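Below is structure-v6.cif, which holds mmCIF, C-alpha atoms.
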data_model
#
loop_
_atom_site.label_atom_id
_atom_site.label_comp_id
_atom_site.auth_asym_id
_atom_site.auth_seq_id
_atom_site.Cartn_x
_atom_site.Cartn_y
_atom_site.Cartn_z
CA MET A 1 33.18 142.34 153.07
CA ASN A 2 31.63 138.95 152.43
CA HIS A 3 31.30 137.22 155.81
CA TYR A 4 31.10 133.73 154.26
CA PHE A 5 34.85 133.65 153.56
CA THR A 6 36.24 135.17 156.75
CA HIS A 7 37.42 131.83 158.17
CA PHE A 8 38.46 130.17 154.92
CA ASP A 9 42.16 129.84 155.93
CA LYS A 10 41.20 128.18 159.20
CA LEU A 11 38.97 125.72 157.35
CA PHE A 12 41.81 124.77 154.98
CA SER A 13 44.28 124.24 157.80
CA GLU A 14 41.84 122.09 159.79
CA LEU A 15 40.68 119.89 156.92
CA GLN A 16 43.99 119.86 154.99
CA TRP A 17 42.12 119.08 151.75
CA GLY A 18 44.71 116.59 150.55
CA PHE A 19 47.72 118.79 151.14
CA ASP A 20 50.73 117.19 152.79
CA GLU A 21 51.57 118.09 156.35
CA PRO A 22 54.60 120.35 156.78
CA GLN A 23 57.83 118.37 156.79
CA PRO A 24 61.10 119.10 158.55
CA ALA A 25 63.56 120.81 156.19
CA GLN A 26 66.00 117.88 156.08
CA VAL A 27 63.25 115.51 154.91
CA LYS A 28 61.97 117.76 152.10
CA ASN A 29 65.32 117.45 150.33
CA THR A 30 65.57 113.71 151.04
CA CYS A 31 62.18 112.61 149.68
CA LYS A 32 62.76 113.53 146.04
CA LEU A 33 61.50 110.28 144.57
CA PRO A 34 61.46 109.08 140.98
CA LYS A 35 58.24 109.12 138.94
CA TYR A 36 58.66 105.39 138.33
CA PRO A 37 58.18 103.17 140.25
CA VAL A 38 55.32 104.43 142.40
CA SER A 39 56.76 105.18 145.84
CA ASN A 40 56.19 106.56 149.34
CA CYS A 41 58.52 108.20 151.86
CA TYR A 42 57.83 108.32 155.60
CA LEU A 43 59.55 109.86 158.61
CA SER A 44 59.11 107.85 161.81
CA GLU A 45 57.21 109.55 164.62
CA ASP A 46 60.37 109.77 166.72
CA GLN A 47 62.21 111.17 163.65
CA ASN A 48 64.95 108.55 164.06
CA SER A 49 64.42 106.75 160.74
CA LEU A 50 63.19 107.15 157.20
CA LEU A 51 61.09 104.55 155.40
CA PHE A 52 60.95 104.35 151.62
CA GLU A 53 58.49 102.07 149.81
CA PHE A 54 58.64 101.22 146.11
CA ALA A 55 55.96 99.28 144.20
CA LEU A 56 57.81 96.74 142.06
CA ALA A 57 54.95 94.53 140.92
CA GLY A 58 56.01 91.61 138.77
CA TYR A 59 59.64 91.56 139.92
CA LYS A 60 61.14 88.64 141.81
CA GLU A 61 63.38 89.20 144.81
CA LYS A 62 66.44 87.97 142.91
CA GLU A 63 65.83 90.61 140.21
CA VAL A 64 66.04 93.54 142.68
CA GLN A 65 69.21 95.16 144.11
CA VAL A 66 69.61 97.91 146.69
CA ILE A 67 73.08 99.41 147.04
CA GLY A 68 73.92 101.76 149.91
CA GLY A 69 76.46 104.52 149.40
CA LYS A 70 77.49 107.60 151.32
CA ASN A 71 74.33 109.70 151.85
CA SER A 72 72.50 107.84 149.08
CA PHE A 73 71.18 104.49 147.96
CA THR A 74 70.51 103.02 144.55
CA VAL A 75 67.70 100.70 143.51
CA ARG A 76 68.07 98.50 140.43
CA ALA A 77 65.59 95.98 139.09
CA LYS A 78 65.79 94.10 135.81
CA LYS A 79 63.41 91.38 134.67
CA GLU A 80 65.13 88.14 133.75
CA GLU A 81 62.36 86.56 131.74
CA SER A 82 60.23 88.03 129.03
CA LEU A 83 56.74 87.29 127.75
CA LYS A 84 57.70 87.89 124.11
CA ALA A 85 56.08 84.61 123.06
CA HIS A 86 52.69 85.92 124.19
CA VAL A 87 50.39 88.21 122.19
CA LEU A 88 49.95 91.48 124.10
CA LEU A 89 46.30 92.52 124.34
CA HIS A 90 46.65 95.33 126.89
CA HIS A 91 49.81 96.98 128.21
CA GLY A 92 49.18 98.46 131.67
CA ILE A 93 52.09 97.12 133.72
CA SER A 94 55.44 98.56 132.83
CA GLY A 95 58.20 96.05 132.22
CA LYS A 96 60.96 98.61 132.00
CA ASP A 97 64.12 98.34 134.04
CA VAL A 98 64.43 100.31 137.27
CA ASP A 99 67.64 102.21 138.02
CA PHE A 100 67.63 105.29 140.25
CA SER A 101 69.46 106.80 143.23
CA ILE A 102 68.05 108.72 146.16
CA LYS A 103 70.08 111.21 148.16
CA VAL A 104 69.51 111.07 151.89
CA ASP A 105 70.34 113.78 154.42
CA GLU A 106 73.73 113.15 156.04
CA GLN A 107 72.17 112.58 159.45
CA TYR A 108 70.82 109.21 158.21
CA ASP A 109 73.13 106.19 157.86
CA THR A 110 72.40 104.44 154.54
CA LYS A 111 74.97 101.75 155.27
CA LYS A 112 72.79 100.50 158.15
CA ALA A 113 69.61 100.39 156.09
CA LYS A 114 67.25 97.44 156.44
CA VAL A 115 65.70 96.21 153.21
CA SER A 116 62.76 93.89 152.67
CA PHE A 117 60.91 92.77 149.55
CA GLU A 118 57.48 91.25 150.02
CA ASN A 119 54.51 90.92 147.66
CA GLY A 120 56.09 93.29 145.12
CA LEU A 121 56.75 96.04 147.71
CA LEU A 122 60.36 97.02 148.33
CA SER A 123 60.86 98.67 151.75
CA VAL A 124 64.06 100.49 152.73
CA THR A 125 64.34 101.71 156.34
CA ILE A 126 67.27 104.01 157.09
CA PRO A 127 68.13 104.83 160.72
CA LYS A 128 69.64 108.05 161.96
CA ALA A 129 73.40 107.98 162.40
CA LYS A 130 74.43 107.58 166.05
CA GLU A 131 76.29 110.88 166.12
CA ALA A 132 73.17 112.67 164.80
CA GLU A 133 71.00 111.55 167.72
CA SER A 134 70.68 113.98 170.58
CA VAL A 135 72.02 113.14 174.02
CA MET A 136 71.16 114.55 177.44
CA LEU A 137 73.96 116.91 178.46
CA PHE A 138 72.43 118.26 181.63
CA GLY A 139 69.41 117.56 183.81
#
Encoded form using structure tokens:
Amino acid sequence: MNHYFTHFDKLFSELQWGFDEPQPAQVKNTCKLPKYPVSNCYLSEDQNSLLFEFALAGYKEKEVQVIGGKNSFTVRAKKEESLKAHVLLHHGISGKDVDFSIKVDEQYDTKKAKVSFENGLLSVTIPKAKEAESVMLFG
């Protein structure tokens, strides 16, 4: 047996080589994000809220909508003005419309979400529903 590879699993688990940390089961199903726009999904340390971030460079606040539904929310963004009068030399920033929905685990209350849009970054923070939070029953 080659003794150089005896602790390879331990090395991978300690360094994590770019692999995501294990997530709670309810979050794995929630963080199914679209390929466009570029996005992040976070679970707060106390596990009482989810934070979604979407990179919407080039959009103005009035061009972006976030609609909360039951166990989901929808993001829509549509550019009002166009640069059709300009000659395009390089096309690296997508100008396509954004329209997608994200399903959220039922323990999070999308109707109480807080939304902010700053410097082209759309942030949606969704708290846990009150009935989903644990309460001290004894002790």
**Request:** Mind giving me the straight-line distance from CA of Gln107 in chain A to CA of Lys32 in chain A in Å, one decimal?
**Result:** 16.4 Å
**Asked** Between CA of Pro37 in chain A and CA of Phe73 in chain A, what is the spacing in Å?
**Response** 15.2 Å
**Message:** Translate the PyMOL selection byres ((chain A and resi 36) around 10) into a concrete residue list for this structure, as a list in words.
**Reply:** Leu33, Pro34, Lys35, Pro37, Val38, Ser39, Phe54, Ala55, Leu56, Ser94, Lys96, Asp97, Val98, Asp99 and Phe100 of chain A
**Asked** Which residue out of A:His91, A:Arg76, A:Lys128, A:Lys62 has the minimum interatomic distance to Val104 in chain A when all atoms listed in the file are used?
**Response** A:Lys128
**Message:** Which residues would end up in the selection if the PyMOL selection byres ((chain A and resi 115) around 10) were applied here, given that I need the answer as a PyMOL selection string?
**Reply:** chain A and resi 51-53+65-66+112-114+116-117+122-126
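Distance annotation: of A:Thr110, A:Asn119, A:Thr74, A:Gln47, the residue with the minimal separation from Glu61 in chain A is A:Asn119; atom set is all atoms listed in the file.
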**CA of Ala129 in chain A to CA of Asp109 in chain A, straight-line distance in Å** = 4.9 Å
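Closest approach to Glu63 in chain A from the set A:Glu80, A:Asp105, A:Glu118, A:Glu45 is made by A:Glu80, with distances taken over all atoms listed in the file.
Once the PyMOL selection byres ((chain A and resi 59) around 8) is applied to this file, the selection holds Leu56, Ala57, Gly58, Lys60, Glu61, Glu63, Val64, Ala77, Lys78, Lys79 and Gly120 of chain A.
The shortest atom-to-atom distance to Asn71 in chain A, with only C-alpha atoms taken into account, belongs to A:Ile102 out of A:Asn40, A:Leu89, A:Ile102, A:Asp46.
Counting all atoms listed in the file, Asn48 in chain A has the following residues at most 8 Å away, ignoring those fewer than 4 positions along the same chain: Leu43, Ser44, Pro127, Lys128 and Glu133 of chain A.
Here the question is which of A:Val75, A:Ser101, A:His86, A:Tyr108 gets nearest to Leu50 in chain A using only C-alpha atoms, and that residue is A:Tyr108.
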